[in-house]
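Novice: There's a structure below that I have some questions on.
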Amino acid sequence: MAAVSPVKSLQEEATCPLCLEYLTDSVITACGHNFCHSCLSRCWEGPGPAASCPQCRDLVQQGPPQPNRQLAQQLSLQAVQGAGGDGMCRAHQEVLKLFCEEDQAPICVVCRESRAHCMHTVLPIAEAAQEYKKKTQAKRQKVLAEFQQLRQFLEEQERLLLAQLEKLDEEIGRLQTDTVRKLSVQISCLSELISELEGKCQKPASEFLQDVRSTLSRCEMGPFQLPEEISPELDKRVRGFSWQTTALSEMLRQFTDTLPAALERARGKTQGAFRQATVTLDPDTAHPQLVLSEDRKRVRWAEPRQRLPSTPERFDSVPYVLGREGFTSGRHCWEVEVGDGRYWAVGVARESVSRKGWMSSSPEVGIWAVKQWGHQFQALTSPETPLSLNPLSRIRICLDCDRGQVTFIDAGANVPIFTFPPGSLPGERIRPWFWVGGTKTQLYLYL
């Protein structure tokens, strides 16, 4: 493999392994790996004096991440020098006058005529910059309008709930005042009756017995009455308000929990360098033990083995299947839902991977993947690398053909699983790859 240029090496070093974007507020761990400060902080949330490096999994002392000032200086110098060091194409020594919309990169006029770009949409750099600036401003206005609409909705809900609460508070206050007044009257009457009885008890018997029946009758039929219970209507309104506030708290919790991750996923799809790829399964490569859905989005194990033609493209000994789409350049990602099955693997394979006879699944044979075997997770390196993971439901595969790198991300939690480092993949066509190892396993191409 050709030596990596200093510029390409710097670009690789300047990419965060967690968000796969260029580093923002870069920090460096004790083991020498660079991350965005916000990405590493999210990854290290939780108690404990030590944590593992998200890239190499080595234990490092968990403390305030240290800024990587040397890398920041290098990036600043690279920005001053331009994409090609002096605004020139390093491959053809031509001025970078054009912008490729498909690859989101500046190119020269010679690149424009190459096979890699001849079918792509290109614009003059100045025109592209102006167009993207307009799009950015339009997006900004849309975001502001949507957040303003959300803010107005929340303010209206706040006014309604506070008005309801104030009205309930007034009614409860009136009920309380009325009850206290009535009780005060009854307490006063009882106090007078007690004073009268105490006075009679101190008189001679002859006087005490006068009108004693009337006095006893007044004691037995005293004016005391229990306070009125809260009306069912008021009780219903209080309970209803309590339900509303509980529902509001739950919605707010869900909103705050899901919004950052949703925005991060949207940012990765619309603004990041990775393009969301539409991937389908290739029935011509599917092992006879595997059944594909009509839309070529699902694959499952089947019994008995199907009778299918033994073509050169078909895997005949191991239950593998490839994606129909292949990639030779650019950065692409797709997601796979793994369900409840415990025997599966997903990743990528080179176009020329062997289809016949028993074979392993490792980089040596042209497969780069992660795997679940029972309750264990592994990266299919040589030898296999154990992974400490929580149960997975959906995996995002991020393929960078230009760097020869593939990264696996837990799409549900939006945290990295494993990365095969730059230069791992060959410079040939790469295709999505899947293994189904049990009757209860079913893989589904999410997007």
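Just remember, in the structure tokens the first chain shown is A, the second B, etc., residues are 1-based per chain, and ligands are 1-based in the order shown.
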Report as an MDAnalysis selection string: the residues of stretch 100-248 of chain A with a DSSP assignment of strand (DSSP E or B), based on the backbone of this structure.

Specialist: chainID A and resid 100 105:107 122:124

Novice: Could you write out the selected residues, including C-alpha atoms, as a PDB file, in the first residue's frame?

Specialist:
```pdb
ATOM      1  CA  CYS A 100     -17.974  18.114  -6.488  1.00  0.00           C
ATOM      2  CA  ALA A 105     -14.787  18.200  -2.048  1.00  0.00           C
ATOM      3  CA  PRO A 106     -12.900  20.714  -4.229  1.00  0.00           C
ATOM      4  CA  ILE A 107     -11.439  19.267  -7.444  1.00  0.00           C
ATOM      5  CA  VAL A 122     -19.795  19.973 -10.165  1.00  0.00           C
ATOM      6  CA  LEU A 123     -19.917  23.748  -9.764  1.00  0.00           C
ATOM      7  CA  PRO A 124     -17.345  26.526  -9.752  1.00  0.00           C
TER       8      PRO A 124
END
```

Novice: Can you list, as an MDAnalysis selection string, every protein, DNA or RNA residue that comes within 7 Å of stretch 17-32 of chain A when you count only C-alpha atoms, leaving out same-chain residues fewer than 4 positions away?

Specialist: chainID A and resid 36:37 39 55 60 65:68 272 415:416

Novice: I want to know what sits within 10 Å of A:Gln378, based on only C-alpha atoms, with residues of the same chain fewer than 5 positions away left out; could you give that as a PyMOL selection string?

Specialist: chain A and resi 345+369-373+384-389+417-418

Novice: If we count only C-alpha atoms and set the cut-off at 9 Å, which residues sit around stretch 157-165 of chain A, ignoring sequence neighbours fewer than 5 positions away in its own chain? Please answer as a PyMOL selection string.

Specialist: chain A and resi 152+170+238+241+244-245

Novice: Just write the chosen residues, C-alpha atoms, as a PDB file, in the first residue's frame.

Specialist:
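Wrote it out as selection07.pdb, contents follow:
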```pdb
ATOM      1  CA  GLN A 152     -45.011  29.940  21.371  1.00  0.00           C
ATOM      2  CA  GLU A 170     -59.029  30.414  44.307  1.00  0.00           C
ATOM      3  CA  VAL A 238     -57.687  18.637  40.842  1.00  0.00           C
ATOM      4  CA  PHE A 241     -54.661  18.928  36.634  1.00  0.00           C
ATOM      5  CA  GLN A 244     -51.814  17.017  32.998  1.00  0.00           C
ATOM      6  CA  THR A 245     -48.686  18.015  34.911  1.00  0.00           C
TER       7      THR A 245
END
```

Novice: Near stretch 425-439 of chain A, counting only C-alpha atoms, which residues have an atom at most 9 Å away, once you skip same-chain residues fewer than 6 positions from it, shown as a tab-separated table (two decimals) with all heavy atoms, in the first residue's frame?

Specialist:
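So result.tsv came out as:
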```
chain	number	residue	atom	x	y	z
A	1	MET	N	0.85	-1.20	0.00
A	1	MET	CA	0.00	0.00	0.00
A	1	MET	C	0.89	1.24	0.00
A	1	MET	O	1.90	1.30	0.69
A	1	MET	CB	-0.90	-0.01	1.24
A	1	MET	CG	-1.88	1.15	1.27
A	1	MET	SD	-3.02	1.00	2.66
A	1	MET	CE	-3.93	-0.45	2.16
A	279	VAL	N	-29.32	0.37	0.91
A	279	VAL	CA	-28.72	-0.96	0.75
A	279	VAL	C	-29.82	-2.00	0.67
A	279	VAL	O	-30.78	-1.98	1.44
A	279	VAL	CB	-27.77	-1.27	1.91
A	279	VAL	CG1	-27.25	-2.70	1.83
A	279	VAL	CG2	-26.60	-0.28	1.92
A	280	THR	N	-29.70	-2.92	-0.29
A	280	THR	CA	-30.60	-4.07	-0.39
A	280	THR	C	-29.75	-5.34	-0.48
A	280	THR	O	-28.56	-5.29	-0.76
A	280	THR	CB	-31.49	-3.96	-1.64
A	280	THR	OG1	-30.65	-3.79	-2.80
A	280	THR	CG2	-32.44	-2.78	-1.53
A	281	LEU	N	-30.38	-6.48	-0.23
A	281	LEU	CA	-29.68	-7.76	-0.24
A	281	LEU	C	-29.63	-8.33	-1.66
A	281	LEU	O	-30.58	-8.18	-2.44
A	281	LEU	CB	-30.37	-8.74	0.70
A	281	LEU	CG	-30.46	-8.28	2.17
A	281	LEU	CD1	-31.42	-9.17	2.93
A	281	LEU	CD2	-29.08	-8.28	2.81
A	290	LEU	N	-30.58	-19.34	3.53
A	290	LEU	CA	-31.11	-18.03	3.86
A	290	LEU	C	-32.27	-17.65	2.95
A	290	LEU	O	-32.22	-17.89	1.74
A	290	LEU	CB	-30.01	-16.96	3.75
A	290	LEU	CG	-28.77	-17.17	4.62
A	290	LEU	CD1	-27.78	-16.04	4.40
A	290	LEU	CD2	-29.15	-17.29	6.09
A	299	VAL	N	-33.49	-10.77	6.00
A	299	VAL	CA	-32.91	-12.09	5.75
A	299	VAL	C	-33.06	-12.92	7.02
A	299	VAL	O	-32.88	-12.43	8.14
A	299	VAL	CB	-31.42	-11.99	5.34
A	299	VAL	CG1	-30.60	-11.23	6.38
A	299	VAL	CG2	-30.83	-13.37	5.10
A	300	ARG	N	-33.43	-14.19	6.85
A	300	ARG	CA	-33.59	-15.09	7.99
A	300	ARG	C	-33.14	-16.50	7.60
A	300	ARG	O	-33.03	-16.84	6.42
A	300	ARG	CB	-35.04	-15.12	8.45
A	300	ARG	CG	-36.02	-15.64	7.41
A	300	ARG	CD	-37.44	-15.69	7.93
A	300	ARG	NE	-38.39	-16.10	6.91
A	300	ARG	CZ	-38.65	-17.38	6.58
A	300	ARG	NH1	-38.02	-18.37	7.23
A	300	ARG	NH2	-39.53	-17.66	5.63
A	301	TRP	N	-32.88	-17.30	8.62
A	301	TRP	CA	-32.50	-18.71	8.43
A	301	TRP	C	-33.74	-19.52	8.06
A	301	TRP	O	-34.83	-19.25	8.57
A	301	TRP	CB	-31.88	-19.23	9.72
A	301	TRP	CG	-31.44	-20.66	9.68
A	301	TRP	CD1	-32.22	-21.76	9.83
A	301	TRP	CD2	-30.10	-21.13	9.48
A	301	TRP	NE1	-31.46	-22.90	9.73
A	301	TRP	CE2	-30.15	-22.54	9.53
A	301	TRP	CE3	-28.89	-20.50	9.27
A	301	TRP	CZ2	-29.01	-23.33	9.39
A	301	TRP	CZ3	-27.77	-21.28	9.13
A	301	TRP	CH2	-27.82	-22.68	9.18
A	302	ALA	N	-33.60	-20.49	7.19
A	302	ALA	CA	-34.75	-21.29	6.75
A	302	ALA	C	-34.42	-22.77	6.81
A	302	ALA	O	-33.29	-23.19	6.57
A	302	ALA	CB	-35.16	-20.92	5.33
A	303	GLU	N	-35.42	-23.55	7.15
A	303	GLU	CA	-35.35	-25.01	7.11
A	303	GLU	C	-36.51	-25.53	6.28
A	303	GLU	O	-37.64	-25.07	6.46
A	303	GLU	CB	-35.43	-25.59	8.53
A	303	GLU	CG	-34.26	-25.26	9.43
A	303	GLU	CD	-33.01	-26.07	9.11
A	303	GLU	OE1	-33.08	-26.91	8.17
A	303	GLU	OE2	-31.98	-25.86	9.77
A	318	VAL	N	-21.23	-21.47	3.84
A	318	VAL	CA	-21.45	-20.67	5.05
A	318	VAL	C	-22.62	-19.73	4.79
A	318	VAL	O	-22.71	-19.16	3.69
A	318	VAL	CB	-20.19	-19.86	5.42
A	318	VAL	CG1	-20.34	-19.26	6.82
A	318	VAL	CG2	-18.94	-20.73	5.36
A	319	PRO	N	-23.54	-19.57	5.74
A	319	PRO	CA	-24.75	-18.75	5.50
A	319	PRO	C	-24.44	-17.25	5.46
A	319	PRO	O	-24.78	-16.49	6.36
A	319	PRO	CB	-25.66	-19.10	6.69
A	319	PRO	CG	-24.73	-19.54	7.77
A	319	PRO	CD	-23.59	-20.22	7.09
A	320	TYR	N	-23.79	-16.83	4.37
A	320	TYR	CA	-23.49	-15.43	4.13
A	320	TYR	C	-24.39	-14.90	3.02
A	320	TYR	O	-24.89	-15.65	2.18
A	320	TYR	CB	-22.04	-15.22	3.69
A	320	TYR	CG	-20.98	-15.61	4.70
A	320	TYR	CD1	-19.65	-15.80	4.28
A	320	TYR	CD2	-21.27	-15.78	6.05
A	320	TYR	CE1	-18.66	-16.15	5.18
A	320	TYR	CE2	-20.29	-16.14	6.95
A	320	TYR	CZ	-18.98	-16.33	6.51
A	320	TYR	OH	-18.01	-16.67	7.40
A	321	VAL	N	-24.54	-13.56	3.00
A	321	VAL	CA	-25.18	-12.88	1.88
A	321	VAL	C	-24.58	-11.49	1.79
A	321	VAL	O	-24.25	-10.88	2.81
A	321	VAL	CB	-26.72	-12.82	2.04
A	321	VAL	CG1	-27.11	-12.04	3.30
A	321	VAL	CG2	-27.37	-12.18	0.82
A	322	LEU	N	-24.44	-10.98	0.56
A	322	LEU	CA	-23.88	-9.65	0.34
A	322	LEU	C	-24.98	-8.65	0.01
A	322	LEU	O	-26.07	-9.04	-0.43
A	322	LEU	CB	-22.87	-9.67	-0.80
A	322	LEU	CG	-21.61	-10.51	-0.62
A	322	LEU	CD1	-20.75	-10.44	-1.87
A	322	LEU	CD2	-20.83	-10.07	0.61
A	323	GLY	N	-24.68	-7.40	0.21
A	323	GLY	CA	-25.56	-6.35	-0.29
A	323	GLY	C	-25.38	-6.18	-1.78
A	323	GLY	O	-24.29	-6.42	-2.32
A	324	ARG	N	-26.44	-5.78	-2.46
A	324	ARG	CA	-26.35	-5.62	-3.91
A	324	ARG	C	-25.45	-4.44	-4.27
A	324	ARG	O	-24.73	-4.47	-5.27
A	324	ARG	CB	-27.75	-5.40	-4.49
A	324	ARG	CG	-27.76	-5.25	-6.02
A	324	ARG	CD	-29.17	-5.01	-6.52
A	324	ARG	NE	-30.01	-6.18	-6.33
A	324	ARG	CZ	-30.05	-7.21	-7.16
A	324	ARG	NH1	-29.27	-7.23	-8.24
A	324	ARG	NH2	-30.86	-8.22	-6.94
A	325	GLU	N	-25.46	-3.39	-3.44
A	325	GLU	CA	-24.71	-2.18	-3.73
A	325	GLU	C	-23.23	-2.37	-3.37
A	325	GLU	O	-22.88	-3.08	-2.42
A	325	GLU	CB	-25.28	-0.99	-2.95
A	325	GLU	CG	-26.68	-0.58	-3.36
A	325	GLU	CD	-27.74	-1.56	-2.93
A	325	GLU	OE1	-27.50	-2.31	-1.94
A	325	GLU	OE2	-28.81	-1.59	-3.56
A	326	GLY	N	-22.37	-1.72	-4.15
A	326	GLY	CA	-20.94	-1.73	-3.88
A	326	GLY	C	-20.40	-0.31	-3.89
A	326	GLY	O	-20.97	0.58	-4.52
A	327	PHE	N	-19.27	-0.10	-3.20
A	327	PHE	CA	-18.71	1.23	-3.06
A	327	PHE	C	-17.20	1.20	-3.33
A	327	PHE	O	-16.51	0.29	-2.87
A	327	PHE	CB	-18.97	1.77	-1.64
A	327	PHE	CG	-20.40	1.69	-1.22
A	327	PHE	CD1	-20.85	0.63	-0.42
A	327	PHE	CD2	-21.32	2.63	-1.63
A	327	PHE	CE1	-22.17	0.53	-0.03
A	327	PHE	CE2	-22.66	2.55	-1.25
A	327	PHE	CZ	-23.08	1.49	-0.45
A	328	THR	N	-16.75	2.17	-4.09
A	328	THR	CA	-15.32	2.27	-4.40
A	328	THR	C	-14.71	3.57	-3.90
A	328	THR	O	-13.48	3.67	-3.78
A	328	THR	CB	-15.09	2.17	-5.92
A	328	THR	OG1	-15.86	3.21	-6.58
A	328	THR	CG2	-15.53	0.81	-6.44
A	329	SER	N	-15.53	4.57	-3.61
A	329	SER	CA	-15.02	5.85	-3.13
A	329	SER	C	-16.08	6.53	-2.28
A	329	SER	O	-17.25	6.13	-2.30
A	329	SER	CB	-14.63	6.76	-4.30
A	329	SER	OG	-15.78	7.09	-5.08
A	341	GLY	N	-32.21	-12.01	17.94
A	341	GLY	CA	-31.34	-13.14	17.65
A	341	GLY	C	-29.98	-13.01	18.32
A	341	GLY	O	-29.49	-11.90	18.54
A	342	ARG	N	-29.36	-14.14	18.62
A	342	ARG	CA	-28.07	-14.12	19.32
A	342	ARG	C	-26.92	-14.66	18.48
A	342	ARG	O	-25.80	-14.79	18.98
A	342	ARG	CB	-28.18	-14.93	20.61
A	342	ARG	CG	-29.15	-14.32	21.62
A	342	ARG	CD	-29.19	-15.12	22.90
A	342	ARG	NE	-30.09	-14.53	23.89
A	342	ARG	CZ	-30.38	-15.07	25.07
A	342	ARG	NH1	-29.82	-16.23	25.40
A	342	ARG	NH2	-31.21	-14.47	25.90
A	343	TYR	N	-27.20	-14.95	17.21
A	343	TYR	CA	-26.13	-15.46	16.35
A	343	TYR	C	-26.20	-14.73	15.02
A	343	TYR	O	-26.99	-15.07	14.14
A	343	TYR	CB	-26.28	-16.98	16.16
A	343	TYR	CG	-26.14	-17.74	17.46
A	343	TYR	CD1	-27.27	-18.03	18.24
A	343	TYR	CD2	-24.89	-18.13	17.94
A	343	TYR	CE1	-27.15	-18.70	19.45
A	343	TYR	CE2	-24.76	-18.80	19.14
A	343	TYR	CZ	-25.89	-19.08	19.90
A	343	TYR	OH	-25.76	-19.73	21.10
A	344	TRP	N	-25.36	-13.70	14.87
A	344	TRP	CA	-25.36	-12.88	13.66
A	344	TRP	C	-24.04	-12.14	13.56
A	344	TRP	O	-23.28	-12.03	14.53
A	344	TRP	CB	-26.52	-11.87	13.67
A	344	TRP	CG	-26.58	-11.01	14.91
A	344	TRP	CD1	-27.35	-11.20	16.00
A	344	TRP	CD2	-25.78	-9.84	15.19
A	344	TRP	NE1	-27.12	-10.23	16.94
A	344	TRP	CE2	-26.15	-9.38	16.47
A	344	TRP	CE3	-24.80	-9.15	14.48
A	344	TRP	CZ2	-25.58	-8.26	17.06
A	344	TRP	CZ3	-24.22	-8.03	15.06
A	344	TRP	CH2	-24.61	-7.60	16.34
A	345	ALA	N	-23.77	-11.63	12.37
A	345	ALA	CA	-22.62	-10.75	12.16
A	345	ALA	C	-22.97	-9.82	11.00
A	345	ALA	O	-23.68	-10.20	10.06
A	345	ALA	CB	-21.37	-11.55	11.83
A	346	VAL	N	-22.50	-8.57	11.08
A	346	VAL	CA	-22.72	-7.59	10.02
A	346	VAL	C	-21.41	-6.84	9.78
A	346	VAL	O	-20.61	-6.67	10.69
A	346	VAL	CB	-23.84	-6.59	10.39
A	346	VAL	CG1	-25.17	-7.30	10.53
A	346	VAL	CG2	-23.51	-5.84	11.68
A	347	GLY	N	-21.23	-6.41	8.54
A	347	GLY	CA	-20.02	-5.66	8.21
A	347	GLY	C	-19.91	-5.43	6.72
A	347	GLY	O	-20.91	-5.24	6.03
A	348	VAL	N	-18.68	-5.50	6.23
A	348	VAL	CA	-18.42	-5.30	4.80
A	348	VAL	C	-17.46	-6.38	4.33
A	348	VAL	O	-16.73	-6.99	5.12
A	348	VAL	CB	-17.82	-3.90	4.53
A	348	VAL	CG1	-18.81	-2.81	4.92
A	348	VAL	CG2	-16.49	-3.71	5.24
A	349	ALA	N	-17.47	-6.59	3.01
A	349	ALA	CA	-16.57	-7.57	2.39
A	349	ALA	C	-16.11	-7.02	1.05
A	349	ALA	O	-16.82	-6.24	0.40
A	349	ALA	CB	-17.27	-8.92	2.22
A	350	ARG	N	-14.93	-7.44	0.65
A	350	ARG	CA	-14.46	-7.01	-0.67
A	350	ARG	C	-15.20	-7.78	-1.75
A	350	ARG	O	-15.70	-8.90	-1.53
A	350	ARG	CB	-12.96	-7.21	-0.79
A	350	ARG	CG	-12.51	-8.65	-0.67
A	350	ARG	CD	-11.00	-8.72	-0.62
A	350	ARG	NE	-10.52	-10.09	-0.52
A	350	ARG	CZ	-9.25	-10.43	-0.31
A	350	ARG	NH1	-8.34	-9.47	-0.19
A	350	ARG	NH2	-8.89	-11.69	-0.24
A	351	GLU	N	-15.30	-7.21	-2.92
A	351	GLU	CA	-16.02	-7.81	-4.04
A	351	GLU	C	-15.50	-9.20	-4.37
A	351	GLU	O	-16.26	-10.11	-4.71
A	351	GLU	CB	-15.91	-6.90	-5.26
A	351	GLU	CG	-16.56	-7.45	-6.53
A	351	GLU	CD	-18.06	-7.36	-6.49
A	351	GLU	OE1	-18.57	-6.34	-6.00
A	351	GLU	OE2	-18.72	-8.30	-6.95
A	352	SER	N	-14.20	-9.38	-4.24
A	352	SER	CA	-13.58	-10.65	-4.65
A	352	SER	C	-13.56	-11.72	-3.57
A	352	SER	O	-12.86	-12.73	-3.71
A	352	SER	CB	-12.13	-10.38	-5.10
A	352	SER	OG	-11.38	-9.81	-4.03
A	363	PRO	N	-10.39	-10.25	8.32
A	363	PRO	CA	-9.78	-9.40	7.31
A	363	PRO	C	-8.90	-10.16	6.33
A	363	PRO	O	-8.76	-9.74	5.18
A	363	PRO	CB	-8.97	-8.41	8.14
A	363	PRO	CG	-9.68	-8.34	9.45
A	363	PRO	CD	-10.18	-9.73	9.68
A	366	GLY	N	-10.96	-11.05	3.57
A	366	GLY	CA	-11.66	-9.92	2.95
A	366	GLY	C	-12.98	-9.57	3.59
A	366	GLY	O	-13.89	-9.08	2.91
A	367	ILE	N	-13.13	-9.82	4.92
A	367	ILE	CA	-14.35	-9.49	5.65
A	367	ILE	C	-13.98	-8.69	6.89
A	367	ILE	O	-13.07	-9.08	7.64
A	367	ILE	CB	-15.13	-10.76	6.04
A	367	ILE	CG1	-15.63	-11.49	4.79
A	367	ILE	CG2	-16.30	-10.43	6.95
A	367	ILE	CD1	-16.25	-12.85	5.08
A	368	TRP	N	-14.70	-7.58	7.10
A	368	TRP	CA	-14.49	-6.74	8.28
A	368	TRP	C	-15.84	-6.57	8.95
A	368	TRP	O	-16.76	-5.95	8.38
A	368	TRP	CB	-13.91	-5.39	7.87
A	368	TRP	CG	-12.55	-5.50	7.25
A	368	TRP	CD1	-11.35	-5.34	7.85
A	368	TRP	CD2	-12.27	-5.81	5.87
A	368	TRP	NE1	-10.32	-5.54	6.95
A	368	TRP	CE2	-10.86	-5.82	5.72
A	368	TRP	CE3	-13.06	-6.09	4.75
A	368	TRP	CZ2	-10.23	-6.09	4.51
A	368	TRP	CZ3	-12.44	-6.38	3.54
A	368	TRP	CH2	-11.04	-6.37	3.43
A	369	ALA	N	-16.02	-7.12	10.17
A	369	ALA	CA	-17.36	-7.19	10.74
A	369	ALA	C	-17.30	-7.28	12.26
A	369	ALA	O	-16.24	-7.49	12.86
A	369	ALA	CB	-18.11	-8.40	10.17
A	371	LYS	N	-19.70	-9.23	15.53
A	371	LYS	CA	-20.48	-10.46	15.62
A	371	LYS	C	-21.03	-10.65	17.03
A	371	LYS	O	-20.41	-10.26	18.01
A	371	LYS	CB	-19.55	-11.63	15.27
A	371	LYS	CG	-20.09	-13.03	15.48
A	371	LYS	CD	-19.00	-14.03	15.14
A	371	LYS	CE	-19.42	-15.47	15.32
A	371	LYS	NZ	-18.31	-16.40	15.00
A	373	TRP	N	-22.25	-13.87	19.35
A	373	TRP	CA	-22.28	-15.33	19.46
A	373	TRP	C	-22.81	-15.66	20.85
A	373	TRP	O	-22.08	-15.58	21.82
A	373	TRP	CB	-20.89	-15.91	19.23
A	373	TRP	CG	-20.85	-17.41	19.29
A	373	TRP	CD1	-20.56	-18.19	20.37
A	373	TRP	CD2	-21.12	-18.33	18.22
A	373	TRP	NE1	-20.64	-19.51	20.05
A	373	TRP	CE2	-20.98	-19.64	18.73
A	373	TRP	CE3	-21.48	-18.16	16.88
A	373	TRP	CZ2	-21.17	-20.76	17.95
A	373	TRP	CZ3	-21.67	-19.30	16.11
A	373	TRP	CH2	-21.51	-20.57	16.63
A	397	ILE	N	-23.32	1.02	10.22
A	397	ILE	CA	-22.02	0.73	9.62
A	397	ILE	C	-21.58	1.95	8.81
A	397	ILE	O	-22.32	2.40	7.93
A	397	ILE	CB	-22.08	-0.52	8.72
A	397	ILE	CG1	-22.47	-1.75	9.55
A	397	ILE	CG2	-20.75	-0.76	8.02
A	397	ILE	CD1	-23.89	-2.14	9.48
A	399	LEU	N	-18.74	3.37	6.36
A	399	LEU	CA	-17.66	2.94	5.48
A	399	LEU	C	-16.99	4.16	4.84
A	399	LEU	O	-17.66	4.96	4.19
A	399	LEU	CB	-18.22	2.02	4.39
A	399	LEU	CG	-17.27	1.63	3.25
A	399	LEU	CD1	-16.11	0.79	3.77
A	399	LEU	CD2	-18.03	0.88	2.16
A	401	CYS	N	-14.36	4.68	2.17
A	401	CYS	CA	-13.56	4.00	1.14
A	401	CYS	C	-12.23	4.71	0.92
A	401	CYS	O	-11.21	4.06	0.68
A	401	CYS	CB	-14.34	3.95	-0.18
A	401	CYS	SG	-15.84	2.96	-0.12
A	402	ASP	N	-12.23	6.03	1.00
A	402	ASP	CA	-11.01	6.78	0.71
A	402	ASP	C	-9.93	6.51	1.76
A	402	ASP	O	-8.73	6.52	1.43
A	402	ASP	CB	-11.32	8.28	0.65
A	402	ASP	CG	-12.32	8.60	-0.45
A	402	ASP	OD1	-12.35	7.86	-1.45
A	402	ASP	OD2	-13.09	9.56	-0.30
A	403	ARG	N	-10.34	6.28	3.00
A	403	ARG	CA	-9.37	5.99	4.06
A	403	ARG	C	-9.20	4.51	4.31
A	403	ARG	O	-8.34	4.10	5.11
A	403	ARG	CB	-9.80	6.68	5.36
A	403	ARG	CG	-9.86	8.20	5.27
A	403	ARG	CD	-10.37	8.81	6.56
A	403	ARG	NE	-9.44	8.57	7.65
A	403	ARG	CZ	-9.71	8.88	8.93
A	403	ARG	NH1	-10.87	9.42	9.24
A	403	ARG	NH2	-8.81	8.65	9.87
A	404	GLY	N	-10.02	3.67	3.66
A	404	GLY	CA	-9.93	2.23	3.90
A	404	GLY	C	-10.31	1.87	5.32
A	404	GLY	O	-9.65	1.04	5.96
A	405	GLN	N	-11.38	2.46	5.83
A	405	GLN	CA	-11.76	2.31	7.24
A	405	GLN	C	-13.23	2.03	7.35
A	405	GLN	O	-14.04	2.53	6.58
A	405	GLN	CB	-11.41	3.59	8.01
A	405	GLN	CG	-11.89	3.63	9.45
A	405	GLN	CD	-11.51	4.93	10.12
A	405	GLN	OE1	-10.33	5.27	10.21
A	405	GLN	NE2	-12.50	5.67	10.60
A	406	VAL	N	-13.62	1.21	8.35
A	406	VAL	CA	-15.03	0.96	8.63
A	406	VAL	C	-15.24	1.04	10.13
A	406	VAL	O	-14.45	0.53	10.92
A	406	VAL	CB	-15.50	-0.41	8.06
A	406	VAL	CG1	-14.74	-1.56	8.68
A	406	VAL	CG2	-17.00	-0.58	8.28
```

Novice: Select from stretch 239-402 of chain A everything DSSP, run on the backbone, classes as helix (DSSP H, G or I), then give the selection as JSON, numbers by chain.

Specialist: {"A": [239, 240, 241, 242, 243, 244, 245, 246, 247, 248, 249, 250, 251, 252, 253, 254, 255, 256, 257, 258, 259, 260, 261, 262, 263, 264, 265, 266, 267, 268, 269, 270, 363, 364, 365]}

Novice: Kindly give the distance, in Å, that separates atom CA of A:Asn414 and atom CA of A:Tyr444, rounded to a single decimal.

Specialist: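 Atom-to-atom, atom CA of A:Asn414 and atom CA of A:Tyr444 are spaced 18.4 Å apart.
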
Novice: Take atom CA of A:Phe274 and atom CA of A:Asp295 and report the distance between them in Å, one decimal.

Specialist: 24.4 Å

Novice: Identify, on the basis of only C-alpha atoms, every residue whose closest approach to A:Ile125 does not exceed 7 Å; exclude the query and any residue fewer than 3 positions from it along the same chain; express the result as an MDAnalysis selection string.

Specialist: chainID A and resid 97:99 128:129
